[in-house]
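Following: one structure in structure tokens, then a few remarks.
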Amino acid sequence: MDGTKDTNKSQNKDLVFYVRVQYRCNSSWQGTIQWIDGKQEKKFRSVLELGNLINNARDIRSGGKQNIATKWQDKESAS
């Protein structure tokens with residue numbers, strides 16, 4: 001071993017999502033994203049919102065704060 005210690009092994013693990021685009025309207029996408037590791041599903045209304053959800057999942061994994069506008073743990077999650 002080289003003497004370095006990995007204190008947060010979950011950061012080295014890939015984030016896995018299943019994205020289902022249901023509609024393409026006004027040059028954007030609408031659909032659902034399922035975070036496989038987080039065991040959650042959420043609807044998105046634009047590509048920007050989809051990107052924010054992915055960034056928020058990364059922040060949750062690393063222990064940071066979520067963007068208030070698009071959160072994984074709000075009450076409007078898809079089932």
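The way I read the labels, and the way they are meant: chains A, B, ... in the order of the structure tokens, residue 1 as the first residue of every chain, and ligand 1 as the first ligand shown, with later ones counted on from there.
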
Point to revise | Distance query Gln34 in chain A at most 6 Å, only C-alpha atoms, self and fewer than 3 positions along chain excluded, as a count of residues only | key: 4

Review point. Contacts of Ile36 in chain A at 12 Å or less, counting only C-alpha atoms, minus same-chain residues fewer than 5 places along, as a list of chain:residue names?
Key: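 Neighbouring residues, sequence-local ones excluded: A:Asp14, A:Leu15, A:Val16, A:Phe17, A:Tyr18, A:Val19, A:Glu41, A:Lys42, A:Ile54, A:Ala57.
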
Exercise for review: List the neighbours of Arg45 in chain A out to 7 Å using only C-alpha atoms; skip same-chain residues closer than 2 positions along the sequence, and give me the result as a PyMOL selection string.
Suggested key: chain A and resi 29-31+43+49
